[in-house]
Structures are given as C-alpha cells and as structure tokens.
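*Asks:* So I've got this file, target28.cif, and it contains mmCIF, C-alpha atoms:
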data_query
#
loop_
_atom_site.label_atom_id
_atom_site.label_comp_id
_atom_site.auth_asym_id
_atom_site.auth_seq_id
_atom_site.Cartn_x
_atom_site.Cartn_y
_atom_site.Cartn_z
CA PRO V 1 96.61 63.28 94.92
CA GLY V 2 93.16 64.56 94.09
CA ALA V 3 92.31 67.85 95.74
CA SER V 4 89.54 70.38 96.14
CA ALA V 5 90.79 73.95 95.87
CA ALA V 6 89.70 77.10 97.68
CA PRO V 7 85.92 77.70 97.72
CA SER V 8 86.09 80.37 95.02
CA MET V 9 88.05 78.19 92.62
CA CYS V 10 86.64 76.22 89.70
CA VAL V 11 83.31 78.05 89.93
CA GLU V 12 83.09 77.85 86.15
CA LEU V 13 82.44 74.12 86.52
CA ASN V 14 79.11 74.94 88.16
CA LEU V 15 77.91 77.29 85.41
CA PRO V 16 74.98 76.11 83.27
CA GLY V 17 75.60 74.56 79.87
CA ASP V 18 78.44 72.54 78.43
CA ASN V 19 82.04 73.57 77.91
CA THR V 20 82.11 73.61 74.11
CA SER V 21 84.92 76.14 73.50
CA ALA V 22 87.45 74.74 75.99
CA LEU V 23 89.85 77.62 75.35
CA HIS V 24 92.80 78.20 77.65
CA GLY V 25 96.23 79.78 77.49
CA ASN V 26 99.00 81.85 79.05
CA ALA V 27 99.81 85.56 78.97
CA VAL V 28 102.53 88.06 79.83
CA LEU V 29 101.27 91.39 81.22
CA THR V 30 103.65 94.36 81.18
CA ARG V 31 103.75 98.15 81.50
CA HIS V 32 106.85 98.27 79.30
CA SER V 33 107.33 98.25 75.54
CA PHE V 34 107.34 94.75 74.12
CA SER V 35 107.88 93.05 70.75
CA SER V 36 108.17 89.72 68.96
CA PRO V 37 105.73 87.54 70.92
CA GLU V 38 106.21 83.84 70.25
CA VAL V 39 104.36 80.66 71.21
CA VAL V 40 106.30 77.46 71.89
CA ARG V 41 104.39 74.19 71.88
CA LEU V 42 105.56 71.84 74.60
CA THR V 43 105.67 68.06 74.87
CA ARG V 44 102.21 66.63 75.53
CA CYS V 45 101.94 64.84 78.88
CA GLU V 46 98.16 64.49 79.19
CA ASN V 47 94.96 64.85 77.22
CA ASN V 48 93.64 68.15 78.56
CA PHE V 49 90.28 67.68 76.86
CA GLU V 50 89.46 64.59 78.91
CA SER V 51 89.75 66.24 82.33
CA ALA V 52 86.93 67.82 84.32
CA GLU V 53 88.23 71.22 83.15
CA ARG V 54 88.16 70.48 79.42
CA ARG V 55 90.76 72.37 77.40
CA LEU V 56 91.63 72.37 73.73
CA GLY V 57 95.26 72.06 72.66
CA GLY V 58 98.31 71.34 74.76
CA ARG V 59 100.68 73.21 77.03
CA ILE V 60 102.63 76.15 75.66
CA GLY V 61 105.27 78.69 76.56
CA VAL V 62 104.84 82.38 75.75
CA LEU V 63 108.03 84.29 74.88
CA VAL V 64 108.31 88.06 74.41
CA ASP V 65 110.97 90.80 74.30
CA LEU V 66 110.80 93.69 76.76
CA GLU V 67 112.56 97.06 76.67
CA ILE V 68 113.27 98.51 80.13
CA ASN V 69 115.46 101.62 80.46
CA GLY V 70 117.12 100.72 77.19
CA ALA V 71 117.88 97.16 78.29
CA HIS V 72 116.61 94.32 76.12
CA LEU V 73 115.15 91.36 78.06
CA ASN V 74 113.70 88.04 77.00
CA VAL V 75 110.71 87.09 79.18
CA ALA V 76 108.79 83.82 79.19
CA THR V 77 105.96 82.14 81.07
CA THR V 78 104.49 78.66 81.00
CA HIS V 79 102.08 76.30 82.76
CA LEU V 80 103.30 72.70 82.91
CA ASP V 81 101.05 69.65 83.11
CA VAL V 82 99.69 68.60 86.49
CA VAL V 83 99.05 64.95 85.54
CA HIS V 84 101.60 62.39 84.30
CA SER V 85 105.12 62.50 85.76
CA PRO V 86 107.89 64.85 86.94
CA ARG V 87 110.01 63.51 84.09
CA CYS V 88 107.48 64.69 81.50
CA ARG V 89 107.30 68.13 83.13
CA ALA V 90 111.09 68.28 82.80
CA LYS V 91 110.76 67.57 79.07
CA GLN V 92 108.28 70.43 78.77
CA MET V 93 110.58 72.83 80.63
CA ARG V 94 113.56 71.75 78.52
CA ALA V 95 111.65 72.46 75.32
CA MET V 96 110.88 76.01 76.45
CA LEU V 97 114.41 76.75 77.64
CA GLU V 98 115.80 75.44 74.35
CA ALA V 99 113.45 77.82 72.50
CA LEU V 100 114.69 80.70 74.67
CA ASP V 101 118.29 79.78 73.84
CA ARG V 102 117.53 79.79 70.12
CA ARG V 103 115.87 83.18 70.50
CA ALA V 104 118.83 84.59 72.43
CA ASN V 105 121.28 83.25 69.84
CA ARG V 106 119.38 84.97 67.05
CA GLN V 107 119.47 88.26 68.94
CA GLY V 108 123.13 88.08 69.90
CA SER V 109 124.73 90.50 72.33
CA ARG V 110 121.78 92.89 72.48
CA THR V 111 119.99 90.64 75.00
CA SER V 112 120.74 91.79 78.57
CA GLY V 113 119.04 88.93 80.39
CA VAL V 114 116.24 86.38 80.55
CA VAL V 115 113.38 85.97 83.05
CA VAL V 116 111.17 82.87 83.23
CA GLY V 117 108.18 82.32 85.48
CA GLY V 118 105.12 80.17 85.74
CA ASP V 119 103.09 77.43 87.36
CA LEU V 120 105.38 74.41 86.98
CA ASN V 121 103.03 72.11 88.92
CA THR V 122 105.97 70.77 90.94
CA HIS V 123 103.82 68.78 93.36
CA THR V 124 106.44 65.95 93.34
CA PHE V 125 104.03 63.17 92.36
CA ALA V 126 103.47 61.11 89.22
CA ARG V 127 99.73 60.98 88.66
CA GLY V 128 97.39 58.80 86.65
CA GLY V 129 96.68 55.08 86.94
CA ARG V 130 96.26 52.57 89.75
CA LEU V 131 99.92 51.97 90.65
CA ARG V 132 100.71 55.68 90.89
CA THR V 133 97.61 56.30 93.01
CA MET V 134 98.65 53.56 95.44
CA LYS V 135 102.18 54.95 95.68
CA ASN V 136 100.96 58.52 96.20
CA ALA V 137 98.52 57.42 98.88
CA ALA V 138 101.32 55.63 100.72
CA VAL V 139 103.58 58.70 100.60
CA ILE V 140 100.92 61.24 101.61
CA LEU V 141 99.25 59.22 104.33
CA GLY V 142 102.26 57.23 105.52
CA SER V 143 104.84 60.01 105.89
CA ARG V 144 105.51 62.06 108.99
CA ALA V 145 103.96 65.51 108.71
CA SER V 146 107.36 67.22 108.88
CA SER V 147 108.84 65.00 106.14
CA LEU V 148 105.87 65.55 103.82
CA ARG V 149 105.98 69.29 104.42
CA ASP V 150 109.70 69.37 103.59
CA ARG V 151 109.15 67.37 100.39
CA LEU V 152 106.37 69.62 99.10
CA ARG V 153 108.19 72.89 99.85
CA ASN V 154 111.50 71.66 98.41
CA PRO V 155 110.41 69.84 95.26
CA GLU V 156 113.81 70.10 93.50
CA ARG V 157 114.70 66.64 94.84
CA THR V 158 111.91 64.94 92.89
CA GLU V 159 111.05 67.47 90.17
CA PRO V 160 113.78 67.62 87.48
CA ALA V 161 111.96 70.50 85.76
CA ILE V 162 113.60 72.83 88.30
CA GLY V 163 116.96 71.20 87.61
CA GLU V 164 116.57 72.18 83.95
CA PHE V 165 117.04 75.80 85.01
CA VAL V 166 120.49 74.95 86.33
CA ARG V 167 121.40 73.04 83.17
CA PHE V 168 120.61 76.10 81.07
CA GLY V 169 122.44 78.56 83.31
CA TYR V 170 119.50 80.07 85.19
CA GLU V 171 119.40 81.10 88.83
CA THR V 172 116.48 80.28 91.12
CA HIS V 173 118.15 81.02 94.45
CA GLY V 174 117.26 84.53 95.54
CA LEU V 175 114.25 84.63 93.20
CA ASN V 176 112.00 82.36 95.30
CA ASP V 177 111.22 81.98 98.97
CA ARG V 178 110.09 78.65 100.44
CA GLU V 179 106.50 79.55 101.18
CA PRO V 180 103.71 77.49 99.59
CA THR V 181 102.01 78.92 96.52
CA ASN V 182 99.08 76.51 96.62
CA ARG V 183 97.09 75.02 99.48
CA SER V 184 94.79 72.15 98.64
CA ILE V 185 92.43 70.05 100.71
CA VAL V 186 92.79 66.39 99.80
CA SER V 187 89.45 64.68 100.20
CA ALA V 188 89.99 61.82 97.74
CA LEU V 189 92.66 60.28 95.55
CA ASP V 190 92.97 59.99 91.79
CA ASP V 191 91.52 56.73 90.44
CA SER V 192 90.49 55.69 93.96
CA SER V 193 87.90 53.36 92.46
CA ARG V 194 90.78 51.21 91.18
CA LEU V 195 92.43 50.77 94.57
CA PRO V 196 92.29 47.39 96.29
CA LEU V 197 89.51 47.31 98.86
CA PRO V 198 91.84 47.08 101.90
CA MET V 199 93.72 50.16 100.71
CA LYS V 200 90.45 52.05 100.21
CA TRP V 201 89.58 51.35 103.84
CA TRP V 202 93.06 52.46 104.94
CA VAL V 203 92.80 55.71 102.96
CA ARG V 204 89.37 56.50 104.40
CA SER V 205 90.63 55.86 107.92
CA ARG V 206 93.59 58.22 107.47
CA VAL V 207 91.82 61.17 105.80
CA PRO V 208 89.79 63.18 108.34
CA PRO V 209 86.25 64.34 107.46
CA GLU V 210 87.47 67.90 106.84
CA GLY V 211 90.15 66.62 104.47
CA LEU V 212 93.93 66.79 104.62
CA LEU V 213 95.68 70.11 104.00
CA LEU V 214 98.67 69.95 101.63
CA GLU V 215 100.85 72.99 100.93
CA PHE V 216 102.75 72.95 97.63
CA ARG V 217 105.46 75.11 96.04
CA LEU V 218 104.18 75.00 92.46
CA ASP V 219 105.18 78.42 91.10
CA TRP V 220 108.72 79.54 90.31
CA LEU V 221 110.81 82.39 88.95
CA ALA V 222 114.23 82.04 87.34
CA ALA V 223 116.63 84.46 85.68
CA ARG V 224 119.84 84.44 83.66
CA GLY V 225 122.12 87.45 83.43
CA LEU V 226 120.12 89.44 85.99
CA LYS V 227 120.74 89.90 89.71
CA PRO V 228 117.94 89.33 92.24
CA LEU V 229 117.85 92.07 94.86
CA ALA V 230 117.61 91.76 98.63
CA ALA V 231 115.27 93.79 100.80
CA GLY V 232 116.51 97.38 100.99
CA GLU V 233 119.55 96.66 98.81
CA THR V 234 118.85 99.52 96.43
CA ALA V 235 116.23 102.06 95.38
CA ASP V 236 114.83 102.76 91.95
CA ARG V 237 116.48 105.91 90.60
CA ASP V 238 113.25 107.20 89.03
CA THR V 239 110.64 106.41 91.71
CA GLY V 240 112.71 105.99 94.87
CA VAL V 241 110.96 102.68 95.62
CA VAL V 242 113.20 100.45 97.75
CA SER V 243 113.82 96.86 96.64
CA ILE V 244 112.17 93.93 98.38
CA ALA V 245 113.32 90.34 98.72
CA ALA V 246 111.64 87.54 96.78
CA GLN V 247 108.36 86.69 98.42
CA THR V 248 105.07 84.84 98.13
CA ILE V 249 101.97 86.95 98.72
CA SER V 250 99.27 84.94 100.45
CA GLY V 251 95.68 85.61 101.44
CA LEU V 252 94.58 87.87 98.57
CA THR V 253 90.79 88.06 98.60
CA GLN V 254 87.96 90.15 97.22
CA ASN V 255 84.48 90.13 98.74
CA GLY V 256 85.58 87.28 100.97
CA GLN V 257 86.68 85.08 98.08
CA PHE V 258 90.23 84.07 97.19
CA LEU V 259 91.40 85.62 93.93
CA SER V 260 93.10 82.43 92.84
CA ASP V 261 94.02 78.94 94.02
CA HIS V 262 97.66 80.06 93.64
CA ASN V 263 99.52 82.79 95.50
CA PRO V 264 101.43 85.33 93.40
CA ILE V 265 105.22 85.39 93.68
CA VAL V 266 107.37 88.50 93.21
CA VAL V 267 111.04 89.44 92.99
CA ASP V 268 112.98 92.63 92.29
CA LEU V 269 115.75 92.34 89.70
CA GLU V 270 118.58 94.72 88.90
CA VAL V 271 118.19 95.67 85.25
CA PRO V 272 121.32 97.14 83.65
CA HIS V 273 121.02 100.64 82.21
CA THR V 274 122.26 101.03 78.65
#
In structure tokens, write the structure found in this file.
*Replies:*
Amino acid sequence: PGASAAPSMCVELNLPGDNTSALHGNAVLTRHSFSSPEVVRLTRCENNFESAERRLGGRIGVLVDLEINGAHLNVATTHLDVVHSPRCRAKQMRAMLEALDRRANRQGSRTSGVVVGGDLNTHTFARGGRLRTMKNAAVILGSRASSLRDRLRNPERTEPAIGEFVRFGYETHGLNDREPTNRSIVSALDDSSRLPLPMKWWVRSRVPPEGLLLEFRLDWLAARGLKPLAAGETADRDTGVVSIAAQTISGLTQNGQFLSDHNPIVVDLEVPHT
C-alpha cells in the first residue's frame, strides 16, 4: 500500500534544492562503554536511490559490543526494506543474524547475551509492480476490519523475517507488546496507474476522502541469553528503578508535531552481574 505518514514526517522532501547527498544509515545510542562497531551489508531488495526519498547504498546492520556491570553483550540494529517481498526481508534478517553468530563464535564464552532491535518493515505485503498492487488492494479493501487489524498486528504469519529470530535461538515473546508502532493513512496505492480501469474505480469507491487508517507492527526487539522482565518483577540495585513490561510508547510530540512516524518500543532485560 502507498501511505502518507503523520503531518510532521517527510518534511525534508519539501525543502528547497535537490537531494544530491542521499546519505542515510543506522545507529546505536548508549550510555555504556562500547567497542568493536561493525557494519554488515544486507541483501539488496530495492533500489533505494530511485524512491522519492533518495538514498545511497543499501540496507545494513550495525553491530557493537556493550559492557554493562561487567557483562559483555552483543547489540545490533537494522532497518529492513519496505518494498519488495517478505521473503527478501527474511534474507536480510538472516544475513544479520548469521553475522551476529560469527561474532559470538569469535568471542566465545565471554558473551553474556545478544539484543537485536529495529524497523523490520513487517507490513505483511509484497510491494512493487501491477500484480502485487492488485493483490494488496484486494486484501486491504476487501477484508473485514477485524481480520485486517489482526493481520497487521500479528505479522509473524506472513513475515518470515520474524521467524528467523526463532531459527537462531532468539526470543521475541515478552520483549514486544501487540500495539502498533506505525499508523499510516492510505490515500493511494503503489503503481495505481497500472491498475485496470474497473479496479481503479473500485479502489476509489472504497477509500474515503480522509483516507484509510492502517496500524502496523513494524518494529521489534529480540534477545538471546537474556530474560525480559515483567512489570514490577525486580528493581535495579543501583537506582531502585522498578522494571516495566515491554511496551510501545505512542503519541510523542513536540510543539504539536509527532517526533517520528514510528513509535518507540522499550523492554527491561535482566543483565547478569559478573
């Protein structure tokens, strides 16, 4: 589906001049000591330079080691492709998890656990081209509201990228709630100009003037060798702060504008003391 994000999003597209640098990337922010940052280049699923938001290069994963209370953790983040197919996103996730395994094998027993997070773009649709656009339109506009909502908030059934976590021994249960991390207003469809004329009429008749609100679970956390904590399960020995359950934080604004088109997700993990 094609979508217009929150009003404060994509404002850079309206700035004067041309996008000649097209730089983009990922980052890990931490208050703790870190070492050995590494970039992993992932399978290419789309040409990022041809989109409206032109970007040089392809998708990557960022890997880094953290030291917390003497424990050694591997931490990684990524941003998978939004266009192409769930199968290609799974290939990208597999490449990053394989790189994390190689890193852990090099480090041996000194690694206490691994944490992975990022925007996996698990919207459940294959995008790009006439046939995919027709299929997506039929699913979005032909499904019952409750069925579509269930599909978008539980994308594991159609997004094998999440299944890759299980294959590599990661846990997602307890690290994620089921709240949407992205809300988009669908006002058009990808490649709608290629649709047969009768289907164009059908799409226009089904999409209201204000657009159609879709709520996606796009962002995920996963861990291996670390326990996610429940609300009030324990308190930090140094600060006394009580643990909270995994949650999605919605509605963050500044000066009346949303900070992002994605909601942040958080979880408390029990880190072993060494």
*Asks:* In Å, rounded to a single decimal, give me how far CA of Val186 (chain V) is from CA of Thr253 (chain V).
*Replies:* 21.8 Å
*Asks:* If you apply the PyMOL selection byres ((chain V and resi 119) around 9) to this file, what residues do you get, as a list in words?
*Replies:*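 Checked against the file, the PyMOL selection byres ((chain V and resi 119) around 9) matches Thr77, Thr78, His79, Leu80, Gly117, Gly118, Leu120, Asn121, Thr122, Leu218, Asp219, Trp220 and His262 of chain V.
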*Asks:* Would you mind exporting the chosen residues as an mmCIF file, in the coordinates of the input, restricted to C-alpha atoms?
*Replies:*
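And here's out.cif as it stands now:
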data_model
loop_
_atom_site.group_PDB
_atom_site.id
_atom_site.type_symbol
_atom_site.label_atom_id
_atom_site.label_comp_id
_atom_site.auth_asym_id
_atom_site.auth_seq_id
_atom_site.Cartn_x
_atom_site.Cartn_y
_atom_site.Cartn_z
ATOM 1 C CA THR V 77 105.960 82.140 81.070
ATOM 2 C CA THR V 78 104.490 78.660 81.000
ATOM 3 C CA HIS V 79 102.080 76.300 82.760
ATOM 4 C CA LEU V 80 103.300 72.700 82.910
ATOM 5 C CA GLY V 117 108.180 82.320 85.480
ATOM 6 C CA GLY V 118 105.120 80.170 85.740
ATOM 7 C CA LEU V 120 105.380 74.410 86.980
ATOM 8 C CA ASN V 121 103.030 72.110 88.920
ATOM 9 C CA THR V 122 105.970 70.770 90.940
ATOM 10 C CA LEU V 218 104.180 75.000 92.460
ATOM 11 C CA ASP V 219 105.180 78.420 91.100
ATOM 12 C CA TRP V 220 108.720 79.540 90.310
ATOM 13 C CA HIS V 262 97.660 80.060 93.640
#
*Asks:* For the file shown, what are the residues hit by the PyMOL selection byres ((chain V and resi 87) around 10), laid out as a list in words?
*Replies:*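 Applying the PyMOL selection byres ((chain V and resi 87) around 10) to the structure shown produces Cys45, His84, Ser85, Pro86, Cys88, Arg89, Ala90, Lys91, Gln92, Met93, Ala126, Thr158, Glu159, Pro160 and Ala161 of chain V.
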*Asks:* Nearest to Gly251 (chain V): which of V:Pro198, V:Pro180, V:Gly70, V:Pro16 is it, counting only C-alpha atoms?
*Replies:* V:Pro180
*Asks:* Please list as a VMD selection string every residue within 12 Å of Asp150 (chain V), counting all atoms listed in the file and excluding residues in the same chain fewer than 3 positions away.
*Replies:* chain V and resid 123 to 124 143 to 147 153 to 158 178 to 180 214 to 217
*Asks:* Selection in question (the file shown): the PyMOL selection byres ((chain V and resi 176) around 8). Which residues does it include, as number ranges by chain?
*Replies:* V: 172-175, 177-178, 220-221, 246-248, 265-267
*Asks:* What does the distance between CA of Asn69 (chain V) and CA of Val28 (chain V) come to in Å, to one decimal place?
*Replies:*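 Straight-line distance from CA of Asn69 (chain V) to CA of Val28 (chain V) works out to 18.7 Å.
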*Asks:* Find the residues near region 135-139 of chain V: any atom within 12 Å, counting all atoms listed in the file, skip ones fewer than 3 places away on the same chain, and give them as number ranges by chain.
*Replies:* V: 1-2, 85, 123-132, 142-145, 147-149, 151-152, 186-192, 195, 199-204, 206-207, 212
*Asks:* With distances taken over all atoms listed in the file, which of V:Pro196, V:Gly240, V:Ile68, V:Thr111 is nearest to Leu269 (chain V)?
*Replies:*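 With all atoms listed in the file as the atom set, the closest residue is V:Ile68.
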*Asks:* Check the smallest atom-to-atom distance from each of V:Leu73, V:Leu259, V:Leu42, V:Met96 to Gly108 (chain V) using only C-alpha atoms, then report the winner.
*Replies:*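 Smallest distance to Gly108 (chain V) is found for V:Leu73.
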*Asks:* What gap, in Å, lies between CA of Ala71 (chain V) and CA of Gly113 (chain V)?
*Replies:*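 Separation of CA of Ala71 (chain V) and CA of Gly113 (chain V): 8.6 Å.
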